[in-house]
$ cat start.txt   # compact mmCIF, C-alpha atoms
# COMPACT_ATOMS: atom_id res chain seq x y z
CA MET Y 1 0.00 0.00 0.00
CA LYS Y 2 1.32 3.44 -0.94
CA THR Y 3 2.26 5.55 2.07
CA LEU Y 4 0.03 8.52 2.87
CA GLU Y 5 1.20 11.27 5.20
CA PHE Y 6 -1.62 12.18 7.60
CA SER Y 7 -2.20 13.99 10.88
CA VAL Y 8 -4.36 12.84 13.79
CA LEU Y 9 -6.18 15.73 15.49
CA MET Y 10 -7.27 15.46 19.14
CA SER Y 11 -8.43 17.81 21.88
CA LEU Y 12 -7.92 17.15 25.61
CA TYR Y 13 -9.49 19.00 28.50
CA VAL Y 14 -9.32 18.83 32.28
CA LYS Y 15 -12.30 16.51 32.87
CA GLU Y 16 -10.94 13.65 30.78
CA ARG Y 17 -9.94 10.45 32.61
CA PRO Y 18 -6.17 9.82 32.41
CA GLU Y 19 -6.61 6.07 31.90
CA PHE Y 20 -9.04 6.68 29.02
CA PHE Y 21 -6.53 9.05 27.42
CA ASP Y 22 -3.83 6.39 27.68
CA SER Y 23 -6.09 3.80 26.03
CA ALA Y 24 -6.93 6.20 23.20
CA LEU Y 25 -3.26 7.03 22.48
CA LYS Y 26 -2.30 3.37 22.64
CA SER Y 27 -4.99 2.52 20.09
CA ILE Y 28 -3.89 5.16 17.55
CA TYR Y 29 -0.16 4.69 17.88
CA THR Y 30 1.12 1.58 19.65
CA ASP Y 31 -1.51 -0.81 18.30
CA GLN Y 32 -1.98 0.57 14.76
CA THR Y 33 -0.84 -1.34 11.70
CA ILE Y 34 -0.01 2.04 10.12
CA LYS Y 35 1.10 4.78 12.48
CA PRO Y 36 0.17 8.46 11.95
CA SER Y 37 2.76 10.86 10.57
CA GLU Y 38 1.99 13.18 13.48
CA ILE Y 39 -0.47 13.55 16.33
CA ILE Y 40 -1.67 17.08 17.10
CA LEU Y 41 -2.92 17.20 20.69
CA VAL Y 42 -4.65 20.42 21.70
CA LEU Y 43 -4.81 21.07 25.44
CA ASP Y 44 -8.11 22.94 25.74
CA GLY Y 45 -7.16 25.00 28.79
CA PRO Y 46 -5.17 23.92 31.86
CA ILE Y 47 -5.31 20.18 32.61
CA SER Y 48 -4.74 18.14 35.77
CA VAL Y 49 -1.34 17.07 37.07
CA ASP Y 50 -2.14 13.45 36.28
CA LEU Y 51 -3.14 14.25 32.69
CA THR Y 52 -0.02 16.38 32.31
CA LEU Y 53 2.13 13.44 33.38
CA ARG Y 54 0.36 11.15 30.90
CA VAL Y 55 0.91 13.63 28.08
CA GLN Y 56 4.60 13.88 28.99
CA ASN Y 57 4.92 10.10 29.09
CA TRP Y 58 3.56 9.85 25.56
CA LYS Y 59 5.78 12.71 24.45
CA ASN Y 60 8.77 10.78 25.77
CA GLU Y 61 7.65 7.64 23.92
CA ILE Y 62 6.54 9.14 20.59
CA GLY Y 63 8.92 12.10 20.44
CA ASP Y 64 8.41 14.75 17.77
CA SER Y 65 5.49 12.82 16.26
CA LEU Y 66 3.39 14.16 19.14
CA LYS Y 67 2.87 17.91 18.89
CA VAL Y 68 1.18 19.56 21.88
CA VAL Y 69 -0.72 22.83 21.41
CA SER Y 70 -1.53 24.45 24.76
CA LEU Y 71 -4.40 26.94 25.08
CA LEU Y 72 -4.46 29.32 28.05
CA GLU Y 73 -8.17 28.77 28.71
CA ASN Y 74 -10.93 26.32 27.83
CA VAL Y 75 -12.49 27.48 24.55
CA GLY Y 76 -14.63 24.47 23.64
CA LEU Y 77 -14.15 21.67 21.13
CA GLY Y 78 -14.78 23.60 17.91
CA LYS Y 79 -12.33 26.42 18.62
CA ALA Y 80 -9.76 23.99 20.02
CA LEU Y 81 -9.90 21.90 16.83
CA ASN Y 82 -9.49 25.04 14.71
CA GLU Y 83 -6.28 25.81 16.60
CA GLY Y 84 -5.15 22.24 16.09
CA LEU Y 85 -5.86 22.38 12.36
CA LYS Y 86 -3.48 25.32 12.03
CA ASN Y 87 -0.72 23.06 13.36
CA CYS Y 88 -1.44 20.05 11.14
CA SER Y 89 1.36 19.61 8.61
CA ASN Y 90 -0.54 17.30 6.27
CA GLU Y 91 -3.48 17.72 3.90
CA TRP Y 92 -5.30 14.71 5.28
CA VAL Y 93 -6.42 15.06 8.89
CA PHE Y 94 -7.98 12.19 10.87
CA ARG Y 95 -10.07 13.04 13.93
CA MET Y 96 -9.93 11.12 17.19
CA ASP Y 97 -11.43 11.69 20.64
CA THR Y 98 -9.30 11.23 23.74
CA ASP Y 99 -11.49 8.56 25.34
CA ASP Y 100 -12.34 6.27 22.41
CA ILE Y 101 -10.52 3.18 21.14
CA CYS Y 102 -9.63 2.53 17.49
CA LEU Y 103 -9.46 -0.87 15.89
CA SER Y 104 -5.86 -1.65 14.98
CA ASP Y 105 -6.46 -1.39 11.24
CA ARG Y 106 -8.43 1.87 11.30
CA PHE Y 107 -5.81 3.99 9.56
CA GLU Y 108 -4.86 1.23 7.13
CA LYS Y 109 -8.47 0.92 5.97
CA GLN Y 110 -9.00 4.67 5.82
CA ILE Y 111 -5.87 5.17 3.72
CA GLN Y 112 -7.06 2.44 1.35
CA TYR Y 113 -10.45 4.18 1.13
CA ILE Y 114 -8.76 7.49 0.21
CA GLN Y 115 -6.73 5.80 -2.51
CA ASN Y 116 -9.82 4.05 -3.90
CA ASN Y 117 -12.00 7.19 -3.75
CA PRO Y 118 -9.79 10.13 -4.82
CA GLU Y 119 -12.81 12.42 -5.33
CA VAL Y 120 -13.94 12.15 -1.69
CA VAL Y 121 -12.79 14.99 0.60
CA LEU Y 122 -14.47 13.86 3.84
CA PHE Y 123 -15.62 10.53 5.22
CA SER Y 124 -16.03 8.58 8.45
CA SER Y 125 -16.91 5.00 9.37
CA GLN Y 126 -19.32 2.91 11.40
CA ILE Y 127 -18.74 2.73 15.17
CA LEU Y 128 -19.71 0.53 18.11
CA GLU Y 129 -20.67 2.23 21.37
CA PHE Y 130 -19.76 0.97 24.84
CA ASN Y 131 -20.03 2.13 28.46
CA GLN Y 132 -17.20 0.54 30.42
CA ASN Y 133 -15.46 -2.20 28.43
CA ILE Y 134 -15.21 -2.72 24.68
CA SER Y 135 -16.09 -6.39 25.20
CA ASP Y 136 -19.57 -5.16 26.07
CA ALA Y 137 -19.91 -2.99 22.94
CA SER Y 138 -23.16 -3.91 21.23
CA ALA Y 139 -24.79 -0.69 19.96
CA LEU Y 140 -23.97 0.05 16.34
CA LYS Y 141 -24.15 3.72 15.29
CA SER Y 142 -24.34 3.34 11.54
CA VAL Y 143 -24.17 5.99 8.83
CA PRO Y 144 -24.89 5.59 5.08
CA THR Y 145 -21.97 4.91 2.76
CA GLU Y 146 -23.20 6.28 -0.58
CA TYR Y 147 -23.06 9.98 -1.51
CA GLU Y 148 -26.74 10.45 -2.39
CA SER Y 149 -27.88 8.58 0.72
CA ILE Y 150 -25.60 10.72 2.87
CA LYS Y 151 -27.13 13.92 1.49
CA VAL Y 152 -30.63 12.68 2.33
CA PHE Y 153 -29.59 11.40 5.78
CA ALA Y 154 -27.93 14.77 6.56
CA GLN Y 155 -31.32 16.48 6.44
CA LYS Y 156 -32.37 14.58 9.56
CA ARG Y 157 -29.22 13.62 11.45
CA SER Y 158 -25.46 14.05 11.36
CA PRO Y 159 -24.26 11.80 8.51
CA PHE Y 160 -20.77 11.17 9.91
CA ASN Y 161 -19.35 9.74 13.12
CA HIS Y 162 -17.08 12.62 14.09
CA MET Y 163 -14.56 10.56 16.06
CA THR Y 164 -13.63 8.61 12.89
CA VAL Y 165 -13.83 11.45 10.37
CA ALA Y 166 -10.99 12.04 7.93
CA TYR Y 167 -10.95 15.19 5.81
CA LYS Y 168 -8.81 17.40 3.65
CA LYS Y 169 -7.48 20.31 5.66
CA SER Y 170 -7.66 22.77 2.75
CA ILE Y 171 -11.37 22.09 2.21
CA ILE Y 172 -12.28 22.54 5.88
CA GLU Y 173 -10.28 25.75 6.17
CA SER Y 174 -11.78 27.14 2.95
CA LEU Y 175 -15.23 26.81 4.56
CA GLY Y 176 -14.24 28.61 7.76
CA GLY Y 177 -13.47 25.55 9.85
CA TYR Y 178 -15.52 24.67 12.89
CA GLN Y 179 -17.98 27.38 13.92
CA HIS Y 180 -19.65 27.98 17.26
CA HIS Y 181 -22.78 25.83 17.44
CA LEU Y 182 -23.52 24.47 20.89
CA PHE Y 183 -23.27 20.66 20.91
CA MET Y 184 -23.33 20.54 17.08
CA GLU Y 185 -20.07 22.05 15.79
CA ASP Y 186 -19.43 18.92 13.74
CA TYR Y 187 -22.93 18.66 12.21
CA ASN Y 188 -22.76 22.35 11.30
CA LEU Y 189 -19.47 21.79 9.44
CA TRP Y 190 -20.67 18.67 7.63
CA LEU Y 191 -23.71 20.53 6.29
CA ARG Y 192 -21.50 23.30 4.94
CA VAL Y 193 -19.20 20.77 3.23
CA ILE Y 194 -22.17 19.06 1.57
CA ALA Y 195 -23.80 22.36 0.58
CA ALA Y 196 -20.56 23.43 -1.11
CA GLY Y 197 -20.90 20.45 -3.45
CA HIS Y 198 -17.93 18.43 -2.23
CA LYS Y 199 -17.97 14.65 -2.59
CA VAL Y 200 -18.29 12.83 0.73
CA GLY Y 201 -18.61 9.20 1.78
CA ASN Y 202 -18.38 6.69 4.63
CA HIS Y 203 -16.43 3.49 5.14
CA ALA Y 204 -18.68 0.45 5.56
CA ASP Y 205 -16.65 -1.13 8.38
CA VAL Y 206 -16.63 -0.49 12.12
CA LEU Y 207 -13.29 1.20 12.84
CA LEU Y 208 -13.74 2.48 16.38
CA TYR Y 209 -15.26 1.77 19.78
CA ALA Y 210 -16.90 4.95 21.10
CA ARG Y 211 -17.17 5.50 24.84
CA VAL Y 212 -20.63 6.94 25.52
CA GLY Y 213 -20.77 6.86 29.32
CA ASN Y 214 -23.78 5.99 31.40
CA GLY Y 215 -26.89 7.79 30.19
CA MET Y 216 -25.04 10.17 27.84
CA HIS Y 217 -27.78 10.12 25.20
CA ALA Y 218 -30.52 10.59 27.78
CA ARG Y 219 -28.86 13.80 29.01
CA ARG Y 220 -29.13 15.50 25.62
CA LYS Y 221 -32.15 17.55 26.60
CA GLY Y 222 -33.23 20.96 27.85
CA ILE Y 223 -33.57 24.54 26.65
CA GLU Y 224 -29.94 24.89 25.56
CA TYR Y 225 -30.33 21.95 23.20
CA ILE Y 226 -33.51 23.47 21.78
CA LYS Y 227 -31.61 26.71 21.11
CA SER Y 228 -29.01 24.66 19.28
CA GLU Y 229 -31.77 22.99 17.25
CA LYS Y 230 -33.05 26.46 16.28
CA GLN Y 231 -29.57 27.41 15.07
CA LEU Y 232 -29.47 24.18 13.06
CA LEU Y 233 -32.82 25.03 11.46
CA LYS Y 234 -31.54 28.46 10.46
CA LEU Y 235 -28.39 26.95 8.93
CA LYS Y 236 -30.35 24.43 6.86
CA LYS Y 237 -32.53 27.21 5.47
CA GLU Y 238 -29.51 29.39 4.66
CA LEU Y 239 -27.79 26.52 2.85
CA LYS Y 240 -31.02 25.49 1.08
CA LEU Y 241 -30.41 21.87 1.98
CA GLN Y 242 -33.96 21.06 2.96
CA ASN Y 243 -37.49 22.09 2.07
CA PRO Y 244 -38.40 24.87 4.59
CA ILE Y 245 -41.68 23.20 5.58
CA ARG Y 246 -39.99 19.86 6.23
CA ALA Y 247 -37.15 21.64 8.04
CA ASN Y 248 -39.63 23.34 10.38
CA MET Y 249 -41.45 20.08 11.04
CA LEU Y 250 -38.19 18.32 11.83
CA PHE Y 251 -37.19 21.16 14.17
CA LEU Y 252 -40.44 20.77 16.12
CA MET Y 253 -40.02 17.01 16.34
CA ARG Y 254 -36.37 17.18 17.43
CA SER Y 255 -37.20 19.90 19.97
CA ALA Y 256 -39.99 17.75 21.40
CA PHE Y 257 -37.44 15.01 22.04
CA ARG Y 258 -35.34 17.49 24.01
CA LEU Y 259 -38.22 18.02 26.44
CA MET Y 260 -38.87 14.35 27.15
CA PRO Y 261 -37.98 12.69 30.46
CA SER Y 262 -34.47 11.27 30.46
CA SER Y 263 -35.71 7.70 30.84
CA LEU Y 264 -37.93 7.96 27.76
CA LEU Y 265 -35.25 9.75 25.75
CA GLY Y 266 -32.78 6.98 26.55
CA ILE Y 267 -35.24 4.35 25.34
CA ILE Y 268 -35.74 6.20 22.04
CA TYR Y 269 -32.00 6.50 21.42
CA ASN Y 270 -31.34 2.84 22.19
CA THR Y 271 -34.39 1.49 20.36
CA PHE Y 272 -34.64 3.59 17.20
CA LEU Y 273 -31.28 5.33 16.67
CA ARG Y 274 -28.95 2.43 17.43
CA LYS Y 275 -28.85 -1.16 16.22
CA LYS Y 276 -28.11 -3.87 18.75
CA ILE Y 277 -25.47 -6.36 17.66
CA GLU Y 278 -25.85 -9.96 18.76
CA LYS Y 279 -22.64 -11.59 19.98

$ encode --input "start.txt" --output "structure tokens"
Amino acid sequence: MKTLEFSVLMSLYVKERPEFFDSALKSIYTDQTIKPSEIILVLDGPISVDLTLRVQNWKNEIGDSLKVVSLLENVGLGKALNEGLKNCSNEWVFRMDTDDICLSDRFEKQIQYIQNNPEVVLFSSQILEFNQNISDASALKSVPTEYESIKVFAQKRSPFNHMTVAYKKSIIESLGGYQHHLFMEDYNLWLRVIAAGHKVGNHADVLLYARVGNGMHARRKGIEYIKSEKQLLKLKKELKLQNPIRANMLFLMRSAFRLMPSSLLGIIYNTFLRKKIEK
């Protein structure tokens, strides 16, 4: 396989668990069949002593391949990733969260996908969600793989799994990078990429185990989320990606979900938005 230079972009903040960070770094470097050319780690504000020691340990092990970008204060994921993008040396940038675990052939398969689909500028993969241990992972968060299906899917939900996204740096920067959109910086960016007419796709394989935490989906509720839904509605109308009537109806439906009791919201996420995998 022809070698592709690529950067891995991550953001770390004070509330992350040190042991989860270690597992994430191990999965993208030590255990990978193809190692990244560089890892850009943005420290989103001051971090704990324990996290600082873990970062230094990895710096000692990886050396110059790990580039640490320190921000003086916590600015949020979108702004932190924009700072990280500035420091990425390569055109292809692969995203990774600091508490997830990649399969060992993630980068190998993504590089092969890039070589087989030279027109694609952004893509992700399927993921399996877990709470405590990847051996218990059973909830598949799937996304469509074909371009036309992705465009239709994007009208209702985010069409990419952000923690496995790979994109061309020049394209993302040409569109203004990540923009402030509470809880939905990634979805906002994906819609702008699609609206600009760029070819996108998704890998058909599961390439990552995503740590969701207990009740994470059920906590996605409240007035702040409804405000974010309103911003999403405005963006869709500006980009002309969806019929205004259907966009308004979807906004009302998504907002209604945000007002449901946590127990009911959790059932909806697990029953209708995830597929259970039998082991």

$ residues_around --input "start.txt" --residues "range 195-209 of chain Y" --least-positions-apart "4" --cutoff "8 Å" --atoms "only C-alpha atoms" --output "number ranges by chain"
Y: 100-103, 105-106, 110, 113, 119-130, 134, 137, 143-147, 150, 160, 164, 191, 239-241

$ atom_distance --input "start.txt" --atom1 "CA of Ile171 in chain Y" --atom2 "CA of Asp186 in chain Y"
14.4 Å

$ atom_distance --input "start.txt" --atom1 "CA of Asn90 in chain Y" --atom2 "CA of Leu51 in chain Y"
26.7 Å

$ residues_around --input "start.txt" --residues "range 13-25 of chain Y" --least-positions-apart "2" --cutoff "6 Å" --atoms "all atoms listed in the file" --output "compact mmCIF listing (two decimals) with C-alpha atoms, in the coordinates of the input"
# COMPACT_ATOMS: atom_id res chain seq x y z
CA SER Y 27 -4.99 2.52 20.09
CA ILE Y 28 -3.89 5.16 17.55
CA LEU Y 43 -4.81 21.07 25.44
CA ASP Y 44 -8.11 22.94 25.74
CA ILE Y 47 -5.31 20.18 32.61
CA SER Y 48 -4.74 18.14 35.77
CA LEU Y 51 -3.14 14.25 32.69
CA THR Y 98 -9.30 11.23 23.74
CA ASP Y 99 -11.49 8.56 25.34
CA ASP Y 100 -12.34 6.27 22.41
CA ILE Y 101 -10.52 3.18 21.14

$ atom_distance --input "start.txt" --atom1 "CA of Gln179 in chain Y" --atom2 "CA of Lys79 in chain Y"
7.4 Å

$ closest_residue --input "start.txt" --among "Y:Leu41, Y:Val193, Y:Leu4, Y:Ala247" --to "Tyr178 in chain Y" --atoms "only C-alpha atoms"
Y:Val193

$ closest_residue --input "start.txt" --among "Y:Ser149, Y:Gln155, Y:Thr3, Y:Thr33" --to "Gln242 in chain Y" --atoms "only C-alpha atoms"
Y:Gln155

$ closest_residue --input "start.txt" --among "Y:Leu77, Y:Ala210, Y:Leu85, Y:Leu182" --to "Tyr225 in chain Y" --atoms "all atoms listed in the file"
Y:Leu182

$ residues_near_point --input "start.txt" --point "(-25.9, 27.2, 12.4)" --cutoff "10 Å" --atoms "all atoms listed in the file" --output "PyMOL selection string"
chain Y and resi 179-182+184-185+187-189+191-192+228-239

$ closest_residue --input "start.txt" --among "Y:Gln112, Y:Ser142, Y:Ser7, Y:Asn161" --to "Ser89 in chain Y" --atoms "all atoms listed in the file"
Y:Ser7

$ closest_residue --input "start.txt" --among "Y:Val8, Y:Tyr29, Y:Ser104, Y:Asp97" --to "Lys67 in chain Y" --atoms "all atoms listed in the file"
Y:Val8

$ axis_aligned_box --input "start.txt" --around "range 230-242 of chain Y" --padding-each-side "4 Å" --output "AutoDock Vina command-line options"
--center_x -30.9 --center_y 25.2 --center_z 8.7 --size_x 14.2 --size_y 16.3 --size_z 23.2

$ closest_residue --input "start.txt" --among "Y:Ala154, Y:Ser135, Y:Ile172, Y:Phe183" --to "Glu224 in chain Y" --atoms "only C-alpha atoms"
Y:Phe183
